[in-house]
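Engineer: Pasting work_8.txt below, which is compact mmCIF, C-alpha atoms.
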# COMPACT_ATOMS: atom_id res chain seq x y z
CA MET P 201 0.00 0.00 0.00
CA THR P 202 1.26 3.42 -0.90
CA ASP P 203 1.40 6.28 1.61
CA SER P 204 -1.53 8.09 -0.02
CA THR P 205 -3.65 4.91 0.17
CA VAL P 206 -2.89 4.54 3.87
CA PHE P 207 -3.63 8.25 4.35
CA ILE P 208 -7.01 7.96 2.63
CA LEU P 209 -7.78 4.74 4.52
CA ILE P 210 -7.09 6.37 7.90
CA VAL P 211 -9.04 9.53 7.03
CA VAL P 212 -12.03 7.58 5.71
CA SER P 213 -12.10 5.22 8.70
CA ILE P 214 -11.91 8.16 11.12
CA CYS P 215 -14.69 9.96 9.25
CA ILE P 216 -16.84 6.82 9.48
CA MET P 217 -16.18 6.58 13.23
CA VAL P 218 -17.06 10.24 13.77
CA VAL P 219 -20.27 9.80 11.78
CA ILE P 220 -21.17 6.67 13.79
CA ALA P 221 -20.46 8.46 17.09
CA LEU P 222 -22.54 11.47 16.12
CA SER P 223 -25.35 9.24 14.84
CA ILE P 224 -25.43 7.38 18.16
CA ILE P 225 -25.67 10.66 20.08
CA VAL P 226 -28.40 12.01 17.80
CA LEU P 227 -30.31 8.71 17.93
CA PHE P 228 -30.28 8.49 21.71
CA THR P 229 -31.05 12.19 22.16
CA THR P 230 -34.06 12.11 19.82
CA SER P 231 -35.37 8.83 21.22
CA GLN P 232 -34.97 10.19 24.74
CA ARG P 233 -36.97 13.30 23.82
CA ARG P 234 -39.65 11.11 22.30
CA ILE P 235 -39.78 8.93 25.41
CA MET P 236 -39.94 11.96 27.69
CA THR P 237 -42.81 13.42 25.64
CA GLU P 238 -44.68 10.09 25.77
CA MET P 239 -44.12 9.79 29.52
CA LYS P 240 -45.34 13.35 30.04
CA LYS P 241 -48.44 12.63 27.93
CA ASN P 242 -49.16 9.43 29.89
CA HIS P 243 -48.70 11.25 33.17
CA GLU P 244 -51.01 14.05 32.07
CA SER P 245 -53.71 11.65 30.91
CA GLN P 246 -53.46 9.76 34.22
CA LEU P 247 -53.87 13.01 36.13
CA LYS P 248 -56.79 13.94 33.90
CA MET P 249 -58.47 10.62 34.62
CA GLN P 250 -57.91 10.96 38.36
CA LYS P 251 -59.37 14.48 38.37
CA MET P 252 -62.31 13.34 36.30
CA LEU P 253 -62.99 10.49 38.73
CA LEU P 254 -62.78 12.84 41.70
CA GLU P 255 -65.07 15.35 40.05
CA ASN P 256 -67.62 12.64 39.30
CA THR P 257 -67.33 11.34 42.85
CA VAL P 258 -68.00 14.81 44.25
CA THR P 259 -70.94 15.39 41.93
CA VAL P 260 -72.49 11.99 42.67
CA GLN P 261 -71.86 12.48 46.39
CA GLU P 262 -73.64 15.83 46.31
CA LYS P 263 -76.60 14.46 44.37
CA GLU P 264 -76.92 11.50 46.72
CA ARG P 265 -76.70 13.74 49.80
CA SER P 266 -79.36 15.98 48.36
CA ARG P 267 -81.62 12.99 47.62
CA ILE P 268 -81.18 11.48 51.11
CA ALA P 269 -81.75 14.90 52.72
CA ARG P 270 -84.93 15.36 50.69
CA GLU P 271 -86.17 11.87 51.59
CA LEU P 272 -85.43 12.44 55.27
CA HIS P 273 -87.06 15.85 55.34
CA ASP P 274 -90.07 15.26 53.12
CA ASN P 275 -90.81 11.61 53.80
CA ILE P 276 -89.56 10.38 57.17
CA GLY P 277 -89.75 13.82 58.81
CA SER P 278 -93.31 14.36 57.62
CA GLN P 279 -94.40 10.89 58.71
CA LEU P 280 -92.92 11.43 62.17
CA SER P 281 -94.71 14.80 62.44
CA VAL P 282 -98.00 13.21 61.45
CA MET P 283 -97.46 10.46 64.01
CA ASN P 284 -96.75 13.03 66.70
CA LEU P 285 -99.83 15.01 65.75
CA SER P 286 -102.00 11.88 65.78
CA LEU P 287 -100.66 10.96 69.19
CA ASN P 288 -101.53 14.40 70.54
CA VAL P 289 -105.04 14.08 69.07
CA LEU P 290 -105.41 10.64 70.65
CA LYS P 291 -104.22 12.05 73.99
CA SER P 292 -106.84 14.80 73.91
CA MET P 293 -109.66 12.55 72.71
CA SER P 294 -109.59 9.81 75.34
CA GLN P 295 -109.41 9.63 79.08
CA PHE P 296 -106.25 7.86 80.10
CA GLU P 297 -104.93 6.83 83.45
CA ASP P 298 -101.74 8.47 84.75
CA LYS P 299 -99.54 5.51 83.83
CA GLU P 300 -100.87 5.47 80.26
CA LYS P 301 -100.47 9.24 79.94
CA GLU P 302 -96.84 8.91 81.02
CA VAL P 303 -96.19 6.34 78.26
CA ILE P 304 -97.92 8.54 75.68
CA ASN P 305 -95.84 11.53 76.79
CA GLN P 306 -92.67 9.44 76.49
CA ILE P 307 -93.62 8.38 72.96
CA SER P 308 -94.42 11.99 72.07
CA SER P 309 -91.10 13.18 73.47
CA SER P 310 -89.20 10.48 71.54
CA LEU P 311 -91.05 11.42 68.37
CA SER P 312 -90.23 15.11 68.85
CA SER P 313 -86.58 14.23 69.40
CA SER P 314 -86.57 12.01 66.26
CA ILE P 315 -88.19 14.81 64.22
CA GLU P 316 -85.50 17.23 65.41
CA THR P 317 -82.68 14.72 64.67
CA THR P 318 -84.08 13.99 61.21
CA ARG P 319 -84.32 17.70 60.48
CA SER P 320 -80.79 18.26 61.72
CA ILE P 321 -79.33 15.37 59.66
CA SER P 322 -81.28 16.52 56.64
CA HIS P 323 -79.90 20.07 56.98
CA GLU P 324 -76.38 18.79 57.52
CA LEU P 325 -76.61 16.64 54.43
CA PHE P 326 -77.92 19.44 52.30
CA PRO P 327 -77.93 22.92 53.78
CA ALA P 328 -80.99 24.53 52.22
CA THR P 329 -79.92 27.82 53.86
CA ILE P 330 -77.32 28.31 51.11
CA SER P 331 -79.88 28.27 48.33
CA LYS P 332 -82.36 30.33 50.36
CA PHE P 333 -80.21 32.92 52.16
CA GLY P 334 -76.69 32.54 50.78
CA ILE P 335 -73.40 31.18 52.02
CA ASN P 336 -72.79 33.83 54.69
CA THR P 337 -76.03 32.95 56.49
CA ALA P 338 -75.27 29.23 56.18
CA LEU P 339 -71.81 29.77 57.65
CA ARG P 340 -73.22 31.87 60.51
CA ALA P 341 -75.75 29.11 61.25
CA LEU P 342 -72.95 26.53 61.20
CA ALA P 343 -70.80 28.69 63.52
CA THR P 344 -73.70 29.13 65.95
CA LYS P 345 -74.33 25.41 66.00
CA ILE P 346 -70.65 24.56 66.59
CA ASN P 347 -70.26 27.23 69.28
CA LYS P 348 -73.37 25.91 71.05
CA SER P 349 -71.89 22.41 71.16
CA GLY P 350 -69.02 23.87 73.24
CA GLY P 351 -66.18 21.82 71.75
CA LEU P 352 -64.80 24.55 69.51
CA ASN P 353 -65.11 28.30 69.35
CA LEU P 354 -65.57 29.28 65.71
CA SER P 355 -65.45 32.92 64.73
CA LEU P 356 -66.38 34.41 61.38
CA ASN P 357 -64.99 37.49 59.74
CA ILE P 358 -66.40 37.87 56.25
CA ASN P 359 -66.23 41.35 54.80
CA HIS P 360 -68.08 40.91 51.55
CA GLU P 361 -71.11 39.36 49.94
CA TRP P 362 -70.73 36.44 47.57
CA GLU P 363 -72.39 38.14 44.66
CA ASP P 364 -73.27 36.10 41.60
CA LEU P 365 -72.43 32.91 43.46
CA ASP P 366 -74.83 30.22 42.40
CA LYS P 367 -76.14 27.42 44.61
CA GLU P 368 -73.74 24.74 43.36
CA ASN P 369 -70.65 26.90 43.89
CA GLY P 370 -71.87 27.96 47.31
CA ILE P 371 -72.26 24.32 48.29
CA HIS P 372 -68.69 23.57 47.17
CA ILE P 373 -67.27 26.37 49.33
CA PHE P 374 -69.50 25.42 52.26
CA ARG P 375 -68.50 21.75 52.02
CA VAL P 376 -64.79 22.60 52.01
CA LEU P 377 -65.19 24.71 55.15
CA GLN P 378 -67.37 22.02 56.72
CA GLU P 379 -64.65 19.41 56.03
CA LEU P 380 -61.97 21.68 57.52
CA ILE P 381 -64.06 22.24 60.65
CA ASN P 382 -64.80 18.52 60.95
CA ASN P 383 -61.10 17.72 60.68
CA THR P 384 -60.32 20.30 63.37
CA ILE P 385 -62.93 18.80 65.70
CA LYS P 386 -61.86 15.21 65.00
CA HIS P 387 -58.07 15.45 64.90
CA ALA P 388 -56.68 18.86 65.81
CA GLN P 389 -57.52 19.14 69.53
CA ALA P 390 -58.14 22.82 68.88
CA LYS P 391 -60.03 25.30 71.02
CA GLU P 392 -60.32 28.20 68.57
CA ALA P 393 -60.94 28.35 64.86
CA LYS P 394 -61.62 31.29 62.61
CA ILE P 395 -62.76 31.89 59.09
CA ARG P 396 -61.76 35.12 57.39
CA SER P 397 -62.71 36.18 53.92
CA TRP P 398 -62.01 39.33 51.98
CA GLN P 399 -61.86 40.57 48.45
CA GLU P 400 -58.60 41.35 46.67
CA ASP P 401 -58.06 42.92 43.25
CA GLN P 402 -59.00 40.00 41.08
CA SER P 403 -59.74 37.33 43.63
CA LEU P 404 -61.56 36.34 46.77
CA ARG P 405 -59.45 35.09 49.67
CA LEU P 406 -60.80 32.70 52.25
CA VAL P 407 -58.56 31.69 55.14
CA TYR P 408 -59.34 29.07 57.74
CA GLN P 409 -57.15 28.82 60.84
CA ASP P 410 -57.17 26.77 64.00
CA ASP P 411 -54.91 26.52 67.04
CA GLY P 412 -54.65 22.73 67.06
CA VAL P 413 -51.80 20.32 66.42
CA GLY P 414 -51.55 21.24 62.74
CA LEU P 415 -50.74 18.95 59.85
CA PRO P 416 -48.60 15.86 60.46
CA ALA P 417 -44.98 15.98 59.23
CA ASN P 418 -45.65 13.53 56.40
CA HIS P 419 -48.94 15.07 55.27
CA GLN P 420 -47.59 15.69 51.75
CA ASN P 421 -47.21 11.94 51.23
CA LYS P 422 -50.77 11.31 52.31
CA THR P 423 -53.61 11.95 49.90
CA GLY P 424 -56.79 11.33 51.87
CA ILE P 425 -60.27 11.33 50.42
CA GLY P 426 -61.20 14.47 52.36
CA LEU P 427 -58.25 16.46 51.11
CA GLY P 428 -58.77 15.14 47.57
CA ASN P 429 -62.42 16.18 47.68
CA MET P 430 -61.52 19.65 48.95
CA GLN P 431 -58.92 20.11 46.20
CA THR P 432 -61.41 18.93 43.58
CA ARG P 433 -64.15 21.24 44.80
CA ILE P 434 -61.84 24.26 44.80
CA GLY P 435 -60.45 23.17 41.43
CA LEU P 436 -63.99 23.12 40.07
CA LEU P 437 -64.22 26.81 40.99
CA ASN P 438 -60.88 27.55 39.28
CA GLY P 439 -59.43 28.23 42.70
CA VAL P 440 -56.37 27.15 44.64
CA LEU P 441 -56.26 25.53 48.08
CA VAL P 442 -53.01 25.63 50.06
CA MET P 443 -52.74 23.94 53.42
CA SER P 444 -49.87 24.62 55.80
CA ASN P 445 -48.90 24.76 59.43
CA ARG P 446 -48.92 28.14 61.19
CA LYS P 447 -45.81 29.41 62.93
CA GLU P 448 -47.83 29.88 66.13
CA GLY P 449 -49.10 26.29 65.83
CA GLY P 450 -52.20 24.97 64.17
CA LEU P 451 -53.46 24.68 60.65
CA GLU P 452 -53.96 27.32 57.99
CA ALA P 453 -55.93 26.58 54.85
CA SER P 454 -55.79 29.37 52.32
CA ILE P 455 -58.26 29.40 49.46
CA THR P 456 -57.95 31.78 46.55
CA LEU P 457 -60.90 32.02 44.20
CA PRO P 458 -61.32 34.10 41.10
CA ILE P 459 -63.85 36.87 41.43
CA GLU P 460 -67.31 35.63 40.55
CA PRO P 461 -66.31 31.98 40.69
CA THR P 462 -68.17 30.09 38.05
CA LEU P 463 -68.33 26.35 37.91
CA ASN P 464 -65.53 25.16 35.69
CA HIS P 465 -66.97 22.45 33.51
CA ASN P 466 -63.69 22.23 31.61
CA TYR P 467 -61.72 21.86 34.83
CA VAL P 468 -60.56 18.37 33.96
CA MET K 217 -8.68 0.84 35.27
CA ILE K 218 -11.07 3.79 35.73
CA THR K 219 -12.74 2.96 32.41
CA ALA K 220 -13.15 -0.66 33.52
CA LEU K 221 -14.70 0.46 36.81
CA PHE K 222 -17.00 2.82 34.93
CA PHE K 223 -18.19 0.02 32.64
CA ASN K 224 -18.60 -2.27 35.65
CA ARG K 225 -20.90 0.35 37.21
CA MET K 226 -22.83 0.56 33.95
CA TYR K 227 -23.32 -3.22 33.90
CA VAL K 228 -24.65 -3.06 37.47
CA LEU K 229 -27.10 -0.31 36.46
CA LEU K 230 -28.20 -2.37 33.48
CA ASP K 231 -28.56 -5.55 35.59
CA PHE K 232 -25.95 -7.42 33.60
CA LYS K 233 -23.58 -9.88 35.28
CA PHE K 234 -20.09 -9.33 33.96
CA PRO K 235 -16.92 -11.06 35.24
CA SER K 236 -15.22 -7.78 36.15
CA ARG K 237 -12.40 -9.33 38.18
CA ILE K 238 -11.18 -11.55 35.35
CA TYR K 239 -11.56 -8.66 32.97
CA LEU K 240 -9.51 -6.35 35.21
CA PHE K 241 -6.83 -9.02 35.61
CA ILE K 242 -6.49 -9.52 31.84
CA GLY K 243 -6.49 -5.74 31.30
CA SER K 244 -3.78 -5.21 33.92
CA LEU K 245 -1.72 -7.97 32.35
CA LEU K 246 -2.01 -6.33 28.94
CA ILE K 247 -0.95 -2.97 30.36
CA VAL K 248 2.08 -4.56 32.04
CA ILE K 249 3.04 -6.37 28.83
CA ASN K 250 2.67 -3.12 26.92
CA SER K 251 4.98 -1.40 29.41
CA ILE K 252 7.61 -4.13 29.20
CA PHE K 253 7.75 -4.40 25.44
CA VAL K 254 8.17 -0.74 24.71
CA GLN K 255 8.47 -0.52 20.96
CA PRO K 256 11.46 1.78 20.49
CA ILE K 257 13.64 -0.30 22.84
CA PHE K 258 12.85 -3.81 21.66
CA THR K 259 11.51 -2.94 18.19
CA TYR K 260 8.80 -5.46 18.96
CA ASN K 261 5.10 -4.64 19.07
CA SER K 262 3.20 -6.62 21.70
CA PHE K 263 -0.13 -5.31 20.37
CA SER K 264 -1.39 -5.30 23.94
CA LYS K 265 -2.70 -1.76 23.39
CA VAL K 266 -4.84 -3.23 20.61
CA GLY K 267 -6.28 -5.65 23.15
CA VAL K 268 -7.07 -2.86 25.60
CA GLU K 269 -8.65 -0.65 22.94
CA MET K 270 -10.61 -3.58 21.53
CA ALA K 271 -11.88 -4.40 25.01
CA ILE K 272 -13.06 -0.82 25.46
CA ILE K 273 -14.77 -0.86 22.05
CA LEU K 274 -16.48 -4.19 22.77
CA GLN K 275 -17.64 -2.99 26.18
CA ALA K 276 -19.01 0.22 24.69
CA ILE K 277 -20.93 -1.74 22.04
CA SER K 278 -22.22 -4.19 24.67
CA VAL K 279 -23.54 -1.27 26.76
CA TYR K 280 -25.35 0.13 23.70
CA LEU K 281 -26.95 -3.26 23.07
CA LEU K 282 -27.97 -3.61 26.72
CA VAL K 283 -29.48 -0.12 26.72
CA LEU K 284 -31.50 -0.92 23.61
CA LYS K 285 -33.00 -3.88 25.50
CA LYS K 286 -33.69 -1.78 28.57
CA GLU K 287 -36.99 -0.16 29.54
CA ASN K 288 -37.54 3.21 27.97
CA ASN K 289 -37.89 5.09 31.23
CA LYS K 290 -34.29 4.38 32.25
CA LEU K 291 -32.90 5.95 29.10
CA SER K 292 -33.13 9.54 30.29
CA TYR K 293 -31.14 8.61 33.38
CA LEU K 294 -28.44 6.95 31.27
CA ARG K 295 -28.13 9.66 28.61
CA PRO K 296 -24.98 11.34 30.02
CA ALA K 297 -23.36 7.92 30.50
CA LEU K 298 -24.14 7.01 26.88
CA THR K 299 -22.59 10.22 25.59
CA PHE K 300 -19.53 9.51 27.73
CA ILE K 301 -19.32 5.98 26.28
CA THR K 302 -19.65 7.42 22.76
CA ALA K 303 -16.70 9.72 23.48
CA ILE K 304 -14.65 6.81 24.81
CA LEU K 305 -15.63 4.65 21.83
CA LEU K 306 -14.63 7.34 19.36
CA ASN K 307 -11.32 7.97 21.08
CA ALA K 308 -10.52 4.26 21.46
CA SER K 309 -11.35 3.38 17.85
CA VAL K 310 -9.37 6.31 16.40
CA SER K 311 -6.51 5.51 18.76
CA LEU K 312 -6.61 1.89 17.54
CA VAL K 313 -6.43 2.93 13.89
CA TYR K 314 -3.49 5.25 14.60
CA PHE K 315 -1.75 2.57 16.64
CA LEU K 316 -2.12 -0.06 13.95
CA TYR K 317 -0.72 2.32 11.33
CA SER K 318 1.78 4.03 13.64
CA LYS K 319 4.86 2.71 11.83
CA ARG K 320 3.48 3.73 8.44
CA ILE K 321 2.62 7.20 9.74
CA ILE K 322 6.16 7.69 11.08
CA GLU K 323 7.62 6.62 7.73
CA MET K 324 5.11 8.73 5.80
CA ASP K 325 5.74 12.03 4.06
CA VAL K 326 5.97 14.83 6.70
CA TYR K 327 3.11 16.85 5.18
CA MET K 328 0.72 13.85 5.22
CA ALA K 329 1.84 12.80 8.69
CA ASN K 330 1.19 16.34 9.97
CA GLN K 331 -2.27 16.28 8.45
CA LEU K 332 -3.03 12.97 10.14
CA ASN K 333 -1.73 14.33 13.44
CA ALA K 334 -3.94 17.40 13.01
CA LEU K 335 -6.86 15.05 12.40
CA ARG K 336 -5.96 13.16 15.57
CA ALA K 337 -5.88 16.46 17.46
CA LEU K 338 -9.32 17.30 16.03
CA ILE K 339 -10.67 13.97 17.27
CA ASN K 340 -9.22 14.73 20.71
CA ILE K 341 -11.01 18.10 20.67
CA ILE K 342 -14.28 16.40 19.65
CA THR K 343 -13.81 13.98 22.57
CA GLN K 344 -13.29 16.89 24.96
CA VAL K 345 -16.40 18.61 23.57
CA LEU K 346 -18.36 15.41 24.19
CA PHE K 347 -17.09 15.35 27.79
CA ILE K 348 -18.34 18.92 28.24
CA LEU K 349 -21.67 17.80 26.73
CA VAL K 350 -21.79 15.03 29.36
CA CYS K 351 -21.39 17.65 32.11
CA TYR K 352 -24.20 19.71 30.57
CA GLN K 353 -26.45 16.64 30.32
CA ILE K 354 -25.88 15.83 34.01
CA PHE K 355 -26.70 19.44 34.91
CA ASP K 356 -29.76 19.40 32.65
CA ARG K 357 -30.98 16.11 34.16
CA SER K 358 -30.65 17.45 37.72
CA ARG K 359 -32.56 20.59 36.71
CA HIS K 360 -35.38 18.52 35.16
CA GLN K 361 -35.56 16.32 38.25
CA ASN K 362 -35.81 19.41 40.47
CA ASN K 363 -38.51 20.87 38.23
CA ALA K 364 -40.43 17.59 38.33
CA LEU K 365 -40.21 17.51 42.13
CA HIS K 366 -41.51 21.05 42.45
CA SER K 367 -44.29 20.77 39.90
Would you mind writing the structure in this file as structure tokens?

Structural biologist:
Amino acid sequence: MTDSTVFILIVVSICIMVVIALSIIVLFTTSQRRIMTEMKKNHESQLKMQKMLLENTVTVQEKERSRIARELHDNIGSQLSVMNLSLNVLKSMSQFEDKEKEVINQISSSLSSSIETTRSISHELFPATISKFGINTALRALATKINKSGGLNLSLNINHEWEDLDKENGIHIFRVLQELINNTIKHAQAKEAKIRSWQEDQSLRLVYQDDGVGLPANHQNKTGIGLGNMQTRIGLLNGVLVMSNRKEGGLEASITLPIEPTLNHNYV
Amino acid sequence: MITALFFNRMYVLLDFKFPSRIYLFIGSLLIVINSIFVQPIFTYNSFSKVGVEMAIILQAISVYLLVLKKENNKLSYLRPALTFITAILLNASVSLVYFLYSKRIIEMDVYMANQLNALRALINIITQVLFILVCYQIFDRSRHQNNALHS
């Protein structure tokens, strides 16, 4: 082989090697990008599915609560009232001995208590106050009820009216606050809780605070049904819910909603 | 030695059982032989460097094949390592060609020899650029992981 042949051979072989090396890099880089895009798409579709499931769960839950509340109020509640009325009529119509009167009074008392319980459960399941008088009144009624029970002192500081807030949206906000209060009563060992709400430039802020034990250290790893439901409900209103521990101790849940929150049907 | 350890680590990552100890022993032996039979002194070529370079090339190819078999989601993690292997492969194969034709290059016309040396220098620069690319890919991967954690 002549020198020039060897020269060409070396140059050509080196060129081939460089081309192969570059091709490998390009191949792996492009395939990696493709894989990353696919993974991102899969992840997004999974998230979409999860959100859709949660949204459906919340909607079905609300419908079912409403149905049970209606049944309790209109059917069982009415029947109990009629029974109580009939018992009172019976009591006034006949002459009973003292012992019999005592039994009738006991039955009447039990019936009155059952009517009250049914009414209370029915209102808890579906607070008609929201649709009739608005969310502020419903929250005040809830605060009064909780304060009467004596376990927790709940204070309200709401400096605006929820204008243009329809019934469905009001129920979502009410349910989130109800869940937060329930969690405080069940787990936080708190004495005080407060709800503040005010209007900012383009949003409504709603802050819930308690002086309990706060969130557990590993709360970010836990995704409970309650928290999921709250996130979904706020997401449906195009809002953001952030939960954190306060420096002074206790929980702080901060909700930011766009002004005039409208139900986001395209949320998912 | 470092290259062998690097490839050993790659085989562990890719769940491939490779007899690293035997491989290291043979490699060390080849390096020792290469040191003993230094060409200018004995005018004898042991070709042990060829063995070492060939081993590197074969290992690089084997890693590529193993990666192709691997699940897709591990590829992004291995990207910097693959670029590094590509750089090693390029350098080893060019080095092998130059080694095999070393005598002819020395005897060659000075102008041609200089051109080939310049080409060798260019390959070295490309290798260095690839090493810098590896550093960037590691940085880029860490940044993506951080973004994914915070999103």

Engineer: In Å, rounded to a single decimal, give me how far atom CA of Val376 of chain P is from atom CA of Glu392 of chain P.

Structural biologist: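 Straight-line distance from atom CA of Glu392 of chain P to atom CA of Val376 of chain P works out to 18.0 Å.
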
Engineer: Work out how far atom CA of Val206 of chain P is from atom CA of Gln275 of chain K, in Å to one decimal.

Structural biologist: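 Atom-to-atom, atom CA of Gln275 of chain K and atom CA of Val206 of chain P are spaced 27.8 Å apart.
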
Engineer: Quick check, in Å to one decimal: how far apart do atom CA of Lys394 of chain P and atom CA of Asp410 of chain P lie?

Structural biologist: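 According to the coordinates, atom CA of Lys394 of chain P and atom CA of Asp410 of chain P are separated by 6.5 Å.
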
Engineer: Show me, as a list in words, every residue of chain K with an atom at most 9 Å from chain P, counting only C-alpha atoms.

Structural biologist: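 My answer is Asn288, Asn289, Leu291, Ser292, Arg295, Leu298, Thr299, Thr302, Ala303, Leu305, Leu306, Ser309, Val310, Val313, Tyr314, Tyr317, Arg320, Ile321, Glu323, Met324, Asp325, Met328, Ala329, Leu332, Leu335, Arg336, Ile339 and Ile342 of chain K.
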
Engineer: Taking (-56.0, 28.2, 57.3) in the file's own coordinates, collect the residues within 10 Å, counting all atoms listed in the file, and hand them back as a list of chain:residue names.

Structural biologist: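 The residues that fall inside the cut-off are P:Leu380, P:Ala393, P:Lys394, P:Ile395, P:Arg396, P:Leu406, P:Val407, P:Tyr408, P:Gln409, P:Asp410, P:Asp411, P:Gly414, P:Leu441, P:Val442, P:Met443, P:Ser444, P:Asn445, P:Arg446, P:Gly450, P:Leu451, P:Glu452, P:Ala453, P:Ser454, P:Ile455.
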
Engineer: Around the point (-85.2, 20.6, 55.0), in the coordinates given by the file, pick out the residues reaching within 7 Å, counting only C-alpha atoms, and return them as a list in words.

Structural biologist: Arg270, His273, Arg319, Ser322, His323 and Ala328 of chain P

Engineer: Just want the 12 Å neighbourhood of segment 223-231 of chain K, counted on all atoms listed in the file, with same-chain residues fewer than 6 positions away dropped. Output as an NGL selection string.

Structural biologist: :K and (217 or 237-240 or 271-287 or 290-291 or 293-298 or 300-301 or 304)
